[in-house]
Amino acid sequence: MIDFARSLRLWFSPRRIDEEGTTPDYRFSLANERTFLAWIRTALALVGGGFAVDQFLPDLRWGVRAGLAVALLAAGALCALRAVNHWVRCERAMRRGEDLPVSGFPTLLSLAVGLVAVAMLVIVLTGRAG
């Protein structure tokens, strides 16, 4: 719990990361930042997809439309939060000379997006979207 609180504090005060170990090769920190930005782009795409489902499928039953939109929006929100958490955890591990953290989140996100995609495929193939 203490480690989580320390990580959470680093979300809002990234300059404190200097207190962790030694500075790694800048290329690794920059690669970590690019990975963070890729996660943020994914989060933005999921949020955009959620709004698109809600706004551009008015003929779809409200419950189905809202369910798909909420699933995409929630996945986008989780992805954005996970991005900063993963960035901090990786940066700390690199500074400490530890193995990079392993996460099951990519699997969870893939399953969620896959389920929404299958649902949308069924909707398109059955012609229920209008």
# chains A, B, ... in the order shown; residues from 1 in each chain; ligands from 1
$ residues_around --residues "Leu72 in chain A" --least-positions-apart "5" --cutoff "8 Å" --atoms "only C-alpha atoms" --output "tab-separated table (two decimals) with N, CA, C and O atoms, in the first residue's frame"
chain	number	residue	atom	x	y	z
A	46	LEU	N	-10.26	5.33	-27.98
A	46	LEU	CA	-11.37	4.63	-27.33
A	46	LEU	C	-12.46	5.60	-26.90
A	46	LEU	O	-13.65	5.33	-27.08
A	47	VAL	N	-12.07	6.73	-26.36
A	47	VAL	CA	-13.04	7.75	-25.96
A	47	VAL	C	-13.78	8.27	-27.20
A	47	VAL	O	-15.01	8.40	-27.21
A	49	GLY	N	-14.23	6.67	-29.98
A	49	GLY	CA	-15.11	5.59	-30.43
A	49	GLY	C	-16.37	5.50	-29.60
A	49	GLY	O	-17.47	5.26	-30.13
A	50	GLY	N	-16.25	5.72	-28.30
A	50	GLY	CA	-17.42	5.71	-27.43
A	50	GLY	C	-18.40	6.82	-27.79
A	50	GLY	O	-19.61	6.59	-27.88
A	113	VAL	N	-11.89	-4.49	-26.01
A	113	VAL	CA	-12.05	-3.94	-27.37
A	113	VAL	C	-12.55	-5.03	-28.31
A	113	VAL	O	-13.41	-4.79	-29.16
A	116	VAL	N	-16.33	-5.54	-27.78
A	116	VAL	CA	-17.09	-4.45	-28.39
A	116	VAL	C	-17.07	-4.59	-29.91
A	116	VAL	O	-18.08	-4.39	-30.58
$ residues_around --residues "range 17-22 of chain A" --least-positions-apart "4" --cutoff "9 Å" --atoms "only C-alpha atoms" --output "PyMOL selection string"
chain A and resi 10+13+88+91-97
$ select_by_dssp --residues "range 6-115 of chain A" --states "alpha helix (DSSP H)" --output "number ranges by chain"
A: 6-12, 26-56, 62-96, 105-115
$ residues_around --residues "Leu81 in chain A" --least-positions-apart "2" --cutoff "12 Å" --atoms "only C-alpha atoms" --output "PyMOL selection string"
chain A and resi 8+11+36+39-40+42-44+74-79+83-88+105
$ residues_around --residues "Phe56 in chain A" --least-positions-apart "2" --cutoff "12 Å" --atoms "only C-alpha atoms" --output "mmCIF file with C-alpha atoms, in the first residue's frame"
data_model
loop_
_atom_site.group_PDB
_atom_site.id
_atom_site.type_symbol
_atom_site.label_atom_id
_atom_site.label_comp_id
_atom_site.auth_asym_id
_atom_site.auth_seq_id
_atom_site.Cartn_x
_atom_site.Cartn_y
_atom_site.Cartn_z
ATOM 1 C CA GLY A 48 -13.668 8.973 -29.519
ATOM 2 C CA GLY A 49 -15.109 5.586 -30.427
ATOM 3 C CA GLY A 50 -17.424 5.711 -27.428
ATOM 4 C CA PHE A 51 -18.751 9.114 -28.440
ATOM 5 C CA ALA A 52 -19.065 7.995 -32.070
ATOM 6 C CA VAL A 53 -21.158 4.966 -31.102
ATOM 7 C CA ASP A 54 -23.426 7.151 -28.985
ATOM 8 C CA PRO A 58 -29.269 6.764 -33.063
ATOM 9 C CA ASP A 59 -31.350 3.935 -34.558
ATOM 10 C CA LEU A 60 -29.701 1.386 -32.300
ATOM 11 C CA ARG A 65 -25.937 1.865 -27.808
ATOM 12 C CA ALA A 66 -25.321 3.097 -24.270
ATOM 13 C CA ALA A 69 -20.499 3.580 -25.667
ATOM 14 C CA ALA A 129 -27.945 -0.110 -36.688
ATOM 15 C CA GLY A 130 -30.329 1.536 -39.078
#
